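> I am sharing work-v3.csv, which consists of CSV, C-alpha atoms and all ligand atoms:
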chain,number,residue,atom,x,y,z
R,1,MET,CA,-34.2,97.7,-55.2
R,2,SER,CA,-31.0,98.9,-56.8
R,3,GLU,CA,-28.1,97.1,-58.4
R,4,LYS,CA,-26.1,96.9,-55.2
R,5,LYS,CA,-25.3,93.5,-53.7
R,6,ARG,CA,-27.7,92.4,-51.0
R,7,ILE,CA,-27.4,91.6,-47.3
R,8,PHE,CA,-29.8,89.7,-45.1
R,9,SER,CA,-29.3,89.1,-41.4
R,10,GLY,CA,-31.4,88.7,-38.3
R,11,ILE,CA,-31.4,88.1,-34.6
R,12,GLN,CA,-34.0,86.3,-32.5
R,13,PRO,CA,-35.9,88.3,-29.9
R,14,SER,CA,-35.6,85.4,-27.5
R,15,GLY,CA,-33.6,87.5,-25.1
R,16,ASP,CA,-32.2,91.0,-24.9
R,17,LEU,CA,-29.4,91.9,-27.3
R,18,THR,CA,-25.9,91.2,-26.0
R,19,LEU,CA,-22.4,92.6,-26.5
R,20,GLY,CA,-21.7,89.3,-28.3
R,21,SER,CA,-24.5,89.9,-30.9
R,22,TYR,CA,-23.3,93.5,-31.3
R,23,MET,CA,-19.7,92.6,-31.9
R,24,GLY,CA,-20.3,89.5,-33.9
R,25,ALA,CA,-23.2,90.8,-36.1
R,26,ILE,CA,-24.7,94.3,-35.6
R,27,LYS,CA,-21.4,96.2,-35.7
R,28,ASN,CA,-20.8,94.8,-39.2
R,29,TRP,CA,-24.3,95.5,-40.4
R,30,VAL,CA,-23.7,99.1,-39.5
R,31,ALA,CA,-20.4,99.1,-41.3
R,32,LEU,CA,-21.8,97.5,-44.5
R,33,GLN,CA,-25.1,99.4,-44.8
R,34,ASP,CA,-23.8,102.0,-47.3
R,35,GLU,CA,-22.2,99.5,-49.6
R,36,TYR,CA,-25.1,97.0,-49.7
R,37,GLU,CA,-28.8,96.9,-50.1
R,38,CYS,CA,-29.7,95.5,-46.6
R,39,LEU,CA,-32.6,93.7,-44.9
R,40,PHE,CA,-32.4,93.4,-41.2
R,41,CYS,CA,-34.9,91.2,-39.5
R,42,ILE,CA,-36.3,90.5,-36.1
R,43,VAL,CA,-36.7,86.8,-36.4
R,44,ASP,CA,-39.6,86.2,-34.0
R,45,MET,CA,-40.6,82.9,-35.7
R,46,HIS,CA,-37.2,81.5,-34.8
R,47,ALA,CA,-37.6,82.7,-31.2
R,48,ILE,CA,-40.5,80.4,-30.6
R,49,THR,CA,-38.4,77.2,-31.3
R,50,VAL,CA,-37.8,77.6,-27.5
R,51,ARG,CA,-40.7,78.3,-25.2
R,52,GLN,CA,-41.3,82.1,-24.8
R,53,VAL,CA,-43.5,84.2,-22.5
R,54,PRO,CA,-45.7,85.9,-25.1
R,55,ALA,CA,-45.8,89.4,-23.5
R,56,ASP,CA,-42.0,89.4,-23.2
R,57,LEU,CA,-41.5,88.3,-26.8
R,58,ARG,CA,-43.7,91.1,-28.0
R,59,ARG,CA,-41.9,93.7,-25.8
R,60,ARG,CA,-38.5,92.5,-26.8
R,61,SER,CA,-39.3,92.5,-30.5
R,62,LEU,CA,-40.1,96.2,-30.4
R,63,SER,CA,-37.2,97.0,-28.2
R,64,GLN,CA,-34.9,95.1,-30.5
R,65,LEU,CA,-35.9,97.3,-33.4
R,66,ALA,CA,-35.2,100.4,-31.2
R,67,GLN,CA,-31.8,99.0,-30.4
R,68,TYR,CA,-31.0,98.2,-34.1
R,69,ILE,CA,-31.6,101.9,-34.9
R,70,ALA,CA,-29.8,103.1,-31.8
R,71,CYS,CA,-26.7,101.0,-32.9
R,72,GLY,CA,-26.6,103.1,-36.1
R,73,LEU,CA,-28.7,101.2,-38.6
R,74,ASP,CA,-30.5,103.8,-40.7
R,75,PRO,CA,-34.2,103.0,-41.3
R,76,GLU,CA,-34.2,105.2,-44.4
R,77,LYS,CA,-31.4,103.1,-46.0
R,78,ASN,CA,-32.3,99.6,-44.8
R,79,ILE,CA,-35.4,97.5,-44.8
R,80,MET,CA,-36.1,96.6,-41.2
R,81,PHE,CA,-38.9,94.3,-40.3
R,82,ILE,CA,-40.4,91.6,-38.2
R,83,GLN,CA,-40.3,88.1,-39.7
R,84,SER,CA,-43.8,87.0,-38.8
R,85,HIS,CA,-45.2,90.0,-40.8
R,86,VAL,CA,-43.9,88.5,-44.0
R,87,PRO,CA,-45.6,85.1,-44.5
R,88,GLN,CA,-43.4,84.2,-47.4
R,89,HIS,CA,-40.7,83.1,-44.9
R,90,ALA,CA,-42.9,80.2,-43.6
R,91,GLU,CA,-44.1,79.4,-47.1
R,92,LEU,CA,-40.6,79.1,-48.6
R,93,GLY,CA,-39.5,77.3,-45.4
R,94,TRP,CA,-42.0,74.5,-46.2
R,95,VAL,CA,-40.7,74.1,-49.7
R,96,LEU,CA,-37.1,74.1,-48.7
R,97,GLY,CA,-37.8,71.5,-46.0
R,98,CYS,CA,-38.6,69.2,-48.8
R,99,TYR,CA,-35.1,69.8,-50.2
R,100,THR,CA,-33.2,69.2,-46.9
R,101,GLN,CA,-32.1,65.9,-45.6
R,102,PHE,CA,-32.9,64.7,-42.1
R,103,GLY,CA,-29.2,63.8,-41.7
R,104,GLU,CA,-28.0,67.3,-42.6
R,105,LEU,CA,-30.2,68.8,-39.9
R,106,SER,CA,-29.1,66.2,-37.4
R,107,ARG,CA,-25.5,67.4,-37.8
R,108,MET,CA,-26.2,71.0,-36.8
R,109,THR,CA,-24.2,71.8,-33.7
R,110,GLN,CA,-26.7,74.4,-32.5
R,111,PHE,CA,-29.5,71.8,-32.6
R,112,LYS,CA,-27.4,69.3,-30.6
R,113,ASP,CA,-26.5,72.0,-28.0
R,114,LYS,CA,-30.1,73.4,-27.7
R,115,SER,CA,-31.8,70.0,-27.6
R,116,ALA,CA,-29.4,69.0,-24.8
R,117,LYS,CA,-30.3,72.3,-23.0
R,118,HIS,CA,-34.1,71.9,-23.5
R,119,ALA,CA,-34.3,68.1,-23.2
R,120,ASP,CA,-38.0,68.3,-22.1
R,121,ASN,CA,-39.1,70.3,-25.2
R,122,ILE,CA,-37.2,69.1,-28.4
R,123,THR,CA,-39.7,70.3,-31.0
R,124,SER,CA,-39.7,69.7,-34.7
R,125,GLY,CA,-39.4,73.5,-35.0
R,126,LEU,CA,-36.1,73.4,-33.2
R,127,PHE,CA,-34.9,70.7,-35.5
R,128,THR,CA,-36.0,72.4,-38.8
R,129,TYR,CA,-34.9,75.9,-37.6
R,130,PRO,CA,-32.0,76.0,-40.1
R,131,VAL,CA,-34.5,75.5,-43.0
R,132,LEU,CA,-36.4,78.6,-41.9
R,133,MET,CA,-33.1,80.5,-41.7
R,134,ALA,CA,-32.3,79.3,-45.3
R,135,ALA,CA,-35.7,80.6,-46.4
R,136,ASP,CA,-35.0,84.0,-44.7
R,137,ILE,CA,-31.8,84.4,-46.7
R,138,LEU,CA,-32.8,82.9,-50.1
R,139,LEU,CA,-36.2,84.8,-50.3
R,140,TYR,CA,-34.2,88.0,-50.8
R,141,GLN,CA,-31.4,86.5,-53.0
R,142,ALA,CA,-28.9,87.7,-50.4
R,143,ASP,CA,-25.2,87.7,-51.4
R,144,LEU,CA,-23.8,88.2,-48.0
R,145,VAL,CA,-24.9,87.2,-44.5
R,146,PRO,CA,-23.0,89.0,-41.7
R,147,VAL,CA,-23.2,86.8,-38.5
R,148,GLY,CA,-21.0,85.5,-35.7
R,149,GLU,CA,-18.9,82.4,-35.9
R,150,ASP,CA,-21.6,80.1,-34.4
R,151,GLN,CA,-23.9,80.7,-37.4
R,152,LYS,CA,-21.4,79.8,-40.1
R,153,GLN,CA,-22.7,76.2,-40.2
R,154,HIS,CA,-26.2,77.3,-40.8
R,155,VAL,CA,-25.2,79.6,-43.7
R,156,GLU,CA,-23.3,76.8,-45.2
R,157,LEU,CA,-26.3,74.5,-45.0
R,158,CYS,CA,-28.3,77.3,-46.7
R,159,ARG,CA,-25.9,77.3,-49.6
R,160,ASP,CA,-26.2,73.5,-49.9
R,161,ILE,CA,-30.0,73.7,-50.0
R,162,ALA,CA,-29.9,76.5,-52.6
R,163,GLN,CA,-27.4,74.6,-54.7
R,164,ARG,CA,-29.5,71.5,-54.6
R,165,PHE,CA,-32.6,73.4,-55.6
R,166,ASN,CA,-30.8,75.1,-58.4
R,167,TYR,CA,-29.4,71.8,-59.6
R,168,VAL,CA,-32.9,70.2,-59.8
R,169,HIS,CA,-34.9,73.2,-61.1
R,170,GLY,CA,-32.3,75.5,-62.8
R,171,ASP,CA,-30.9,78.8,-61.5
R,172,THR,CA,-33.3,80.1,-58.8
R,173,PHE,CA,-31.4,81.2,-55.8
R,174,THR,CA,-28.3,83.4,-55.3
R,175,LEU,CA,-25.7,81.4,-53.3
R,176,PRO,CA,-25.0,83.4,-50.1
R,177,GLU,CA,-21.6,83.8,-48.4
R,178,PRO,CA,-21.2,84.2,-44.6
R,179,PHE,CA,-19.5,87.3,-43.4
R,180,ILE,CA,-17.7,86.6,-40.2
R,181,PRO,CA,-15.6,89.4,-38.6
R,182,LYS,CA,-11.9,88.8,-37.9
R,183,MET,CA,-12.2,90.2,-34.4
R,184,GLY,CA,-15.3,89.8,-32.2
R,185,ALA,CA,-16.7,86.7,-34.1
R,186,ARG,CA,-16.9,84.7,-30.9
R,187,ILE,CA,-17.2,86.8,-27.7
R,188,MET,CA,-16.9,84.5,-24.7
R,189,SER,CA,-18.8,84.5,-21.4
R,190,LEU,CA,-17.3,86.7,-18.7
R,191,GLY,CA,-18.0,84.0,-16.2
R,192,GLU,CA,-16.9,80.9,-18.1
R,193,PRO,CA,-14.5,82.1,-20.9
R,194,THR,CA,-14.6,78.8,-22.6
R,195,ASN,CA,-18.3,79.2,-23.4
R,196,LYS,CA,-19.8,81.6,-25.9
R,197,MET,CA,-21.4,84.7,-24.4
R,198,SER,CA,-25.1,84.1,-24.7
R,199,LYS,CA,-28.2,85.8,-23.7
R,200,SER,CA,-29.4,82.7,-21.8
R,201,ASP,CA,-26.5,83.2,-19.3
R,202,PRO,CA,-27.2,86.6,-17.7
R,203,ASP,CA,-24.1,86.5,-15.4
R,204,GLY,CA,-21.5,86.0,-18.0
R,205,CYS,CA,-23.3,88.3,-20.5
R,206,VAL,CA,-23.3,92.1,-21.0
R,207,PHE,CA,-26.6,93.4,-22.4
R,208,LEU,CA,-26.7,96.4,-24.7
R,209,MET,CA,-29.2,98.0,-22.3
R,210,ASP,CA,-27.1,97.4,-19.1
R,211,LYS,CA,-26.5,100.3,-16.9
R,212,PRO,CA,-22.8,101.5,-16.6
R,213,GLU,CA,-22.5,100.3,-13.0
R,214,ASP,CA,-23.7,96.8,-14.0
R,215,ILE,CA,-21.3,96.7,-16.9
R,216,MET,CA,-18.4,97.7,-14.6
R,217,ARG,CA,-19.4,95.1,-12.0
R,218,LYS,CA,-19.5,92.4,-14.6
R,219,PHE,CA,-16.1,93.2,-16.0
R,220,LYS,CA,-14.4,93.6,-12.6
R,221,ARG,CA,-15.7,90.1,-11.8
R,222,ALA,CA,-14.7,88.6,-15.1
R,223,VAL,CA,-12.9,85.2,-14.7
R,224,THR,CA,-9.2,85.4,-15.7
R,225,ASP,CA,-6.3,83.3,-14.6
R,226,CYS,CA,-3.7,83.2,-11.9
R,227,ASP,CA,-1.0,84.8,-14.1
R,228,THR,CA,-0.6,88.6,-14.3
R,229,GLU,CA,0.3,89.2,-17.9
R,230,VAL,CA,-2.1,90.8,-20.4
R,231,ARG,CA,-1.4,88.7,-23.4
R,232,PHE,CA,-3.5,87.3,-26.2
R,233,ASP,CA,-3.4,83.5,-26.0
R,234,PRO,CA,-6.9,81.9,-26.3
R,235,LYS,CA,-5.7,78.4,-25.4
R,236,GLU,CA,-3.7,79.3,-22.3
R,237,LYS,CA,-5.4,82.5,-21.3
R,238,PRO,CA,-9.1,82.3,-22.5
R,239,GLY,CA,-10.4,85.0,-20.1
R,240,ILE,CA,-7.7,87.6,-20.8
R,241,SER,CA,-7.8,86.9,-24.6
R,242,ASN,CA,-11.6,87.4,-24.6
R,243,LEU,CA,-11.2,90.7,-22.7
R,244,LEU,CA,-8.5,91.8,-25.2
R,245,SER,CA,-10.9,91.0,-28.1
R,246,ILE,CA,-13.7,93.0,-26.4
R,247,TYR,CA,-11.3,95.9,-25.7
R,248,CYS,CA,-10.0,96.0,-29.3
R,249,THR,CA,-13.4,95.7,-30.9
R,250,ALA,CA,-14.8,98.4,-28.6
R,251,THR,CA,-11.9,100.9,-29.1
R,252,GLY,CA,-10.7,100.0,-32.7
R,253,LYS,CA,-7.2,99.4,-31.3
R,254,THR,CA,-5.1,96.4,-32.5
R,255,LEU,CA,-4.1,93.6,-30.3
R,256,GLU,CA,-0.5,94.8,-30.4
R,257,GLN,CA,-1.5,98.3,-29.3
R,258,ALA,CA,-3.6,96.9,-26.4
R,259,GLN,CA,-1.0,94.5,-25.2
R,260,GLU,CA,1.6,97.3,-25.2
R,261,GLU,CA,-0.8,99.6,-23.4
R,262,PHE,CA,-1.3,97.2,-20.5
R,263,ALA,CA,2.2,95.7,-20.4
R,264,GLY,CA,3.3,95.3,-16.8
R,265,GLN,CA,0.0,96.7,-15.4
R,266,GLY,CA,-1.8,93.6,-14.1
R,267,TYR,CA,-5.4,92.7,-14.2
R,268,GLY,CA,-6.5,95.2,-11.6
R,269,VAL,CA,-5.9,98.0,-14.1
R,270,PHE,CA,-6.9,96.0,-17.2
R,271,LYS,CA,-10.3,94.7,-16.2
R,272,PRO,CA,-11.8,98.1,-15.3
R,273,ALA,CA,-10.3,99.7,-18.4
R,274,VAL,CA,-12.2,97.1,-20.6
R,275,GLY,CA,-15.3,97.8,-18.6
R,276,GLU,CA,-15.0,101.6,-19.2
R,277,ALA,CA,-14.4,101.1,-22.9
R,278,VAL,CA,-17.6,99.1,-23.1
R,279,VAL,CA,-19.5,101.6,-21.0
R,280,GLU,CA,-18.5,104.3,-23.4
R,281,LEU,CA,-19.4,102.2,-26.4
R,282,LEU,CA,-22.9,101.3,-25.1
R,283,ARG,CA,-23.9,104.6,-23.4
R,284,PRO,CA,-25.1,106.4,-26.5
R,285,ILE,CA,-26.8,103.2,-27.8
R,286,ARG,CA,-28.7,102.7,-24.5
R,287,GLU,CA,-29.7,106.4,-24.3
R,288,GLU,CA,-30.9,106.5,-27.9
R,289,ALA,CA,-32.8,103.2,-27.6
R,290,GLU,CA,-34.6,104.4,-24.5
R,291,ARG,CA,-35.6,107.6,-26.3
R,292,LEU,CA,-36.9,105.6,-29.3
R,293,MET,CA,-38.9,103.2,-27.1
R,294,LYS,CA,-41.0,106.2,-26.0
R,295,ASP,CA,-42.1,106.7,-29.6
R,296,LYS,CA,-44.1,103.6,-30.4
R,297,ALA,CA,-45.7,105.2,-33.4
R,298,TYR,CA,-42.3,105.9,-35.0
R,299,LEU,CA,-41.2,102.3,-34.5
R,300,GLU,CA,-44.5,101.0,-35.8
R,301,GLY,CA,-44.1,103.1,-39.0
R,302,ILE,CA,-40.7,101.6,-39.6
R,303,TYR,CA,-41.6,97.9,-39.2
R,304,GLN,CA,-44.8,98.3,-41.2
R,305,GLU,CA,-43.1,99.9,-44.1
R,306,GLY,CA,-40.3,97.4,-43.8
R,307,ALA,CA,-42.7,94.5,-44.0
R,308,GLN,CA,-44.3,96.0,-47.1
R,309,ARG,CA,-41.0,96.4,-48.9
R,310,ALA,CA,-39.7,93.0,-47.8
R,311,GLN,CA,-42.9,91.3,-49.1
R,312,TYR,CA,-42.5,92.9,-52.5
R,313,VAL,CA,-39.1,91.2,-52.9
R,314,ALA,CA,-40.0,88.0,-51.1
R,315,ASN,CA,-43.1,87.5,-53.3
R,316,LYS,CA,-41.0,87.6,-56.5
R,317,THR,CA,-38.8,84.8,-55.3
R,318,LEU,CA,-41.7,82.8,-53.9
R,319,ARG,CA,-43.7,83.0,-57.2
R,320,LYS,CA,-40.7,81.7,-59.1
R,321,VAL,CA,-40.2,78.8,-56.7
R,322,TYR,CA,-43.9,77.8,-56.7
R,323,LYS,CA,-43.8,77.7,-60.5
R,324,LYS,CA,-40.6,75.7,-60.6
R,325,VAL,CA,-41.9,73.0,-58.2
R,326,GLY,CA,-45.1,72.6,-60.2
R,327,PHE,CA,-47.8,74.4,-58.2
R,328,VAL,CA,-50.8,75.7,-60.2
R,329,ALA,CA,-50.8,79.5,-60.6
R,330,LYS,CA,-53.5,81.3,-58.6
R,401,LIG,P1,-28.8,81.9,-27.8
R,401,LIG,O1,-28.3,82.1,-26.4
R,401,LIG,O2,-30.3,81.7,-27.8
R,401,LIG,O3,-28.0,80.9,-28.6
R,401,LIG,P2,-27.4,84.2,-28.8
R,401,LIG,O4,-27.1,85.0,-27.6
R,401,LIG,O5,-26.4,83.3,-29.4
R,401,LIG,O6,-28.7,83.3,-28.5
R,401,LIG,P3,-28.5,84.9,-31.3
R,401,LIG,O7,-29.8,85.6,-31.5
R,401,LIG,O8,-28.4,83.4,-31.6
R,401,LIG,O9,-27.9,85.2,-29.9
R,401,LIG,O10,-27.3,85.6,-32.2
R,401,LIG,C1,-27.5,86.8,-32.9
R,401,LIG,C2,-26.3,87.1,-33.8
R,401,LIG,O11,-25.2,87.5,-33.0
R,401,LIG,C3,-25.8,85.9,-34.6
R,401,LIG,O12,-25.2,86.4,-35.8
R,401,LIG,C4,-24.7,85.3,-33.8
R,401,LIG,O13,-23.7,84.6,-34.5
R,401,LIG,C5,-24.1,86.6,-33.1
R,401,LIG,N1,-23.6,86.3,-31.8
R,401,LIG,C6,-24.3,85.8,-30.7
R,401,LIG,N2,-23.6,85.7,-29.7
R,401,LIG,C7,-22.3,86.0,-30.1
R,401,LIG,C8,-21.0,86.0,-29.4
R,401,LIG,N3,-20.9,85.6,-28.2
R,401,LIG,N4,-20.0,86.4,-30.1
R,401,LIG,C9,-20.1,86.7,-31.4
R,401,LIG,N5,-21.2,86.8,-32.1
R,401,LIG,C10,-22.3,86.4,-31.4
R,402,LIG,N1,-30.0,81.7,-36.5
R,402,LIG,C1,-29.6,83.0,-36.3
R,402,LIG,C2,-30.7,84.0,-36.5
R,402,LIG,C3,-31.2,84.0,-37.9
R,402,LIG,C4,-30.5,84.5,-39.0
R,402,LIG,C5,-31.3,84.3,-40.1
R,402,LIG,C6,-29.2,85.1,-39.2
R,402,LIG,C7,-32.4,83.6,-38.3
R,402,LIG,N2,-32.5,83.8,-39.6
R,402,LIG,C8,-30.9,84.7,-41.4
R,402,LIG,C9,-28.8,85.4,-40.5
R,402,LIG,C10,-29.7,85.2,-41.6
R,402,LIG,C11,-29.1,83.1,-34.9
R,402,LIG,O1,-28.4,84.0,-34.6
R,402,LIG,N3,-29.4,82.2,-34.0
Can you dump the structure from the file as structure tokens?


Amino acid sequence: MSEKKRIFSGIQPSGDLTLGSYMGAIKNWVALQDEYECLFCIVDMHAITVRQVPADLRRRSLSQLAQYIACGLDPEKNIMFIQSHVPQHAELGWVLGCYTQFGELSRMTQFKDKSAKHADNITSGLFTYPVLMAADILLYQADLVPVGEDQKQHVELCRDIAQRFNYVHGDTFTLPEPFIPKMGARIMSLGEPTNKMSKSDPDGCVFLMDKPEDIMRKFKRAVTDCDTEVRFDPKEKPGISNLLSIYCTATGKTLEQAQEEFAGQGYGVFKPAVGEAVVELLRPIREEAERLMKDKAYLEGIYQEGAQRAQYVANKTLRKVYKKVGFVAK
């Protein structure tokens, strides 16, 4: 790998990719890929922290890779791979777990939310999930981690773990920074605009592979308020503010431009206009992903080569760590 600074990020194939994950994460991966040395991962080991249907997980992992490429990530420039193909993630995860406090993990808001949602299946995997995420990032000595707002706390914990390890054993890990976009960091549900848009809520959520008519239907039904003014005010007008963020992120317009464009027009004009902007944003992505999904051999070549290149980097870090903690060399 070259002298460029490094990026690591990943998304769980626990559901289909959403407009939220595109605007919060993938869009920035695409924007940063020339400036950084990037690794983009399909974190299937994270996905099984919540029960999955095996055949669906397998299909979605492959389709996620096709969608990464269709969004504009260049497989020639970036290392793209599947987490379970690089065993060093689990190995470093174990070591880092021994440098993480129970209390720190108990404070993670995602753990609190997800354990409330899956009260009948609160596994130790769900609890230690942020440790595996720290391993993902630290294995590659990543400088920057582009994610949505909800992942900031996990990246901060990763920094704390790295700092603690470095303090005990001397400089070992690069301390990563989260990269959170100014606009699109937290896209809200179209049905309940006070909740995050999430793949586990299909009604309030737009998927990258949704057909134009479904996208239009979802936007026309989006929950707003009983006012008529298209104005950005997340506290008083969460639904309209969310639609404005989506519109601006999709079109590249500023909030001022968008508010001016829809001044005096009412929601009956605004909502379908947002829908159309998203349809046009997603159309080429869906078409390209569908084309790529027909070429399994091509996708296989990419994730196999990706895993090989990732392992090369990961192994260097893991060997260093094993030595520092006092394991006997093989
Ligand atoms: P889950 O419903 O299981 O929590 P999710 O839909 O939040 O899943 P993730 O796989 O957890 O999706 O997120 C993938 C990436 O996309 C992360 O960087 C996350 O911060 C970002 N992201 C997810 N949803 C949104 C959203 N609504 N707005 C902005 N960014 C998002
Ligand atoms: N926890 C993240 C997914 C994730 C990730 C990572 C993101 C797993 N490992 C490493 C960035 C870097 C989520 O979106 N739920």

> Might you pull out every residue within 9 Å of Trp29 of chain R, with all atoms listed in the file counted and same-chain residues fewer than 4 positions away left off, and present them as a ChimeraX atom specification?

/R:7,9,25,33,38,40,73,146-147

> Which residues are near segment 201-205 of chain R? Cut-off 7 Å, all atoms listed in the file, ignore same chain within fewer than 6 positions. Put them as a list in words.

Thr18, Ser189, Leu190, Gly191 and Glu192 of chain R

> So how far away is atom CA of Glu287 of chain R from atom CA of His85 of chain R, in Å?

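For atom CA of His85 of chain R relative to atom CA of Glu287 of chain R, the distance reads 28.0 Å.
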
> Kindly work out which residues sit at most 6 Å from ligand LIG 401 (chain R), using all atoms listed in the file, and give the list as a PyMOL selection string.

chain R and resi 11-12+20-21+23-25+147-151+184-188+196-200

> Rounded to one decimal in Å, what is the spacing between atom CA of Ala119 of chain R and atom CA of Asp160 of chain R?

28.4 Å

> How would you report the residues lying within 10 Å of ligand LIG 402 (chain R), as an NGL selection string, if you count only C-alpha atoms and all ligand atoms?

:R and (7-14 or 21 or 24-25 or 39-47 or 83 or 89 or 110 or 129-138 or 142 or 144-155 or 158 or 176 or 178-179)

> Would you export the selected residues with C-alpha atoms as an mmCIF file, in the frame of the given file, please?


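This went into selection-v1.cif:
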data_model
loop_
_atom_site.group_PDB
_atom_site.id
_atom_site.type_symbol
_atom_site.label_atom_id
_atom_site.label_comp_id
_atom_site.auth_asym_id
_atom_site.auth_seq_id
_atom_site.Cartn_x
_atom_site.Cartn_y
_atom_site.Cartn_z
ATOM 1 C CA ILE R 7 -27.400 91.600 -47.300
ATOM 2 C CA PHE R 8 -29.800 89.700 -45.100
ATOM 3 C CA SER R 9 -29.300 89.100 -41.400
ATOM 4 C CA GLY R 10 -31.400 88.700 -38.300
ATOM 5 C CA ILE R 11 -31.400 88.100 -34.600
ATOM 6 C CA GLN R 12 -34.000 86.300 -32.500
ATOM 7 C CA PRO R 13 -35.900 88.300 -29.900
ATOM 8 C CA SER R 14 -35.600 85.400 -27.500
ATOM 9 C CA SER R 21 -24.500 89.900 -30.900
ATOM 10 C CA GLY R 24 -20.300 89.500 -33.900
ATOM 11 C CA ALA R 25 -23.200 90.800 -36.100
ATOM 12 C CA LEU R 39 -32.600 93.700 -44.900
ATOM 13 C CA PHE R 40 -32.400 93.400 -41.200
ATOM 14 C CA CYS R 41 -34.900 91.200 -39.500
ATOM 15 C CA ILE R 42 -36.300 90.500 -36.100
ATOM 16 C CA VAL R 43 -36.700 86.800 -36.400
ATOM 17 C CA ASP R 44 -39.600 86.200 -34.000
ATOM 18 C CA MET R 45 -40.600 82.900 -35.700
ATOM 19 C CA HIS R 46 -37.200 81.500 -34.800
ATOM 20 C CA ALA R 47 -37.600 82.700 -31.200
ATOM 21 C CA GLN R 83 -40.300 88.100 -39.700
ATOM 22 C CA HIS R 89 -40.700 83.100 -44.900
ATOM 23 C CA GLN R 110 -26.700 74.400 -32.500
ATOM 24 C CA TYR R 129 -34.900 75.900 -37.600
ATOM 25 C CA PRO R 130 -32.000 76.000 -40.100
ATOM 26 C CA VAL R 131 -34.500 75.500 -43.000
ATOM 27 C CA LEU R 132 -36.400 78.600 -41.900
ATOM 28 C CA MET R 133 -33.100 80.500 -41.700
ATOM 29 C CA ALA R 134 -32.300 79.300 -45.300
ATOM 30 C CA ALA R 135 -35.700 80.600 -46.400
ATOM 31 C CA ASP R 136 -35.000 84.000 -44.700
ATOM 32 C CA ILE R 137 -31.800 84.400 -46.700
ATOM 33 C CA LEU R 138 -32.800 82.900 -50.100
ATOM 34 C CA ALA R 142 -28.900 87.700 -50.400
ATOM 35 C CA LEU R 144 -23.800 88.200 -48.000
ATOM 36 C CA VAL R 145 -24.900 87.200 -44.500
ATOM 37 C CA PRO R 146 -23.000 89.000 -41.700
ATOM 38 C CA VAL R 147 -23.200 86.800 -38.500
ATOM 39 C CA GLY R 148 -21.000 85.500 -35.700
ATOM 40 C CA GLU R 149 -18.900 82.400 -35.900
ATOM 41 C CA ASP R 150 -21.600 80.100 -34.400
ATOM 42 C CA GLN R 151 -23.900 80.700 -37.400
ATOM 43 C CA LYS R 152 -21.400 79.800 -40.100
ATOM 44 C CA GLN R 153 -22.700 76.200 -40.200
ATOM 45 C CA HIS R 154 -26.200 77.300 -40.800
ATOM 46 C CA VAL R 155 -25.200 79.600 -43.700
ATOM 47 C CA CYS R 158 -28.300 77.300 -46.700
ATOM 48 C CA PRO R 176 -25.000 83.400 -50.100
ATOM 49 C CA PRO R 178 -21.200 84.200 -44.600
ATOM 50 C CA PHE R 179 -19.500 87.300 -43.400
#

> Between atom CA of Ile180 of chain R and atom CA of Glu256 of chain R, what is the spacing in Å?

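Straight-line distance from atom CA of Glu256 of chain R to atom CA of Ile180 of chain R works out to 21.4 Å.
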
> Extract, using only C-alpha atoms, all DNA, RNA and protein residues at most 10 Å from segment 223-235 of chain R, discarding same-chain residues fewer than 2 positions from it, and format them as a VMD selection string.

chain R and resid 189 to 194 204 218 to 221 237 to 245 255 to 256 258 to 268 270 to 271

> Select, from R:Cys248, R:Leu292, R:Leu299, R:Met108, the residue with the minimum atom-to-atom distance to Ile82 of chain R, counting all atoms listed in the file.

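Smallest separation from Ile82 of chain R among the options: R:Leu299.
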
> Using all atoms listed in the file, what residues lie at most 12 Å away from (-38.7, 91.3, -55.0) (file coordinates), given as a list in words?

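Checked against the point, the hits come out as Met1, Ser2, Arg6, Gln88, Leu138, Leu139, Tyr140, Gln141, Ala142, Gln308, Arg309, Ala310, Gln311, Tyr312, Val313, Ala314, Asn315, Lys316, Thr317, Leu318, Arg319 and Lys320 of chain R.
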
> Can you spit out the residues from that selection as a compact mmCIF listing (two decimals), in the frame of the given file, using C-alpha atoms?


# COMPACT_ATOMS: atom_id res chain seq x y z
CA MET R 1 -34.20 97.70 -55.20
CA SER R 2 -31.00 98.90 -56.80
CA ARG R 6 -27.70 92.40 -51.00
CA GLN R 88 -43.40 84.20 -47.40
CA LEU R 138 -32.80 82.90 -50.10
CA LEU R 139 -36.20 84.80 -50.30
CA TYR R 140 -34.20 88.00 -50.80
CA GLN R 141 -31.40 86.50 -53.00
CA ALA R 142 -28.90 87.70 -50.40
CA GLN R 308 -44.30 96.00 -47.10
CA ARG R 309 -41.00 96.40 -48.90
CA ALA R 310 -39.70 93.00 -47.80
CA GLN R 311 -42.90 91.30 -49.10
CA TYR R 312 -42.50 92.90 -52.50
CA VAL R 313 -39.10 91.20 -52.90
CA ALA R 314 -40.00 88.00 -51.10
CA ASN R 315 -43.10 87.50 -53.30
CA LYS R 316 -41.00 87.60 -56.50
CA THR R 317 -38.80 84.80 -55.30
CA LEU R 318 -41.70 82.80 -53.90
CA ARG R 319 -43.70 83.00 -57.20
CA LYS R 320 -40.70 81.70 -59.10

> Pick from R:Leu208, R:Ala273, R:Met80, R:Ala222: nearest to Arg286 of chain R, with only C-alpha atoms counted?

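Looking only at the distances to Arg286 of chain R, the closest residue turns out to be R:Leu208.
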
> Measuring between all atoms listed in the file, which one of R:Ile69, R:Leu62, R:Val86, R:Val50 shows the shortest distance to Ile26 of chain R?

R:Ile69

> Which of these, R:Ile215, R:Val30, R:Tyr298, R:Val325, has the shortest distance to Val95 of chain R once you count all atoms listed in the file?

R:Val325

> Under the rule that all atoms listed in the file are counted, which of R:Tyr247, R:Tyr22, R:Tyr36, R:Tyr68 is the nearest residue to Ala289 of chain R?

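Among the listed residues, R:Tyr68 lies closest to Ala289 of chain R.
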